[in-house]
Amino acid sequence: MADEIYHVEVKRKFRRSDGQNELRWVVRPVADVITEESPEYRCKDCYGKVKLHGKNVADGRAPHAEHRSRQDSEYCPAGTYFRQNPGRTPKLSLNPIE
Ligand SMILES: [Zn+2]
């Protein structure tokens with residue numbers, strides 16, 4: 001059973017009060033991230049790499065994301081494998097996207 005993550009983080013440019021631009025991670029729905037073709041995104045819970053699936057997937061599920069790494073899914077609170085193991089302590093991704 002693959003992950004079904006409906007919100008991920010994307011990098012957005014913000015203008016600070018001193019006029020400088022700054023990149024910040026913001027939470028966005030996966031459907032919007034696909035539409036906007038955001039170049040940088042990550043799991044909002046473990047910061048790991050995720051794969052995006054649009055609505056044309058064969059099984060008819062809504063647009064969603066899943067972890068690229070099984071390890072992330074095992075230890076991320078959003079991961080299917082994590083949820084199958086109650087009591088497990090969540091961890092950040094081994095390869096977090098900064
Ligand atoms: Zn995660």
# chains A, B, ... in the order shown; residues from 1 in each chain; ligands from 1
>>> residues_near_ligand(ligand="ligand 1", cutoff="12 Å", atoms="only C-alpha atoms and all ligand atoms", output="PyMOL selection string")
chain A and resi 3-9+41-51+65-83+90-97
>>> closest_residue(among="A:Ala2, A:Ile34, A:Val10, A:Val27", to="Lys55 (chain A)", atoms="only C-alpha atoms")
A:Ile34
>>> closest_residue(among="A:Leu52, A:Asn85, A:Leu23, A:Asp18", to="Glu98 (chain A)", atoms="only C-alpha atoms")
A:Leu23
>>> select_by_dssp(residues="chain A", states="alpha helix (DSSP H)", output="JSON, numbers by chain")
{"A": [30, 31, 32, 33, 34, 35, 36, 70, 71, 72, 73, 74, 75, 80, 81, 82, 83]}
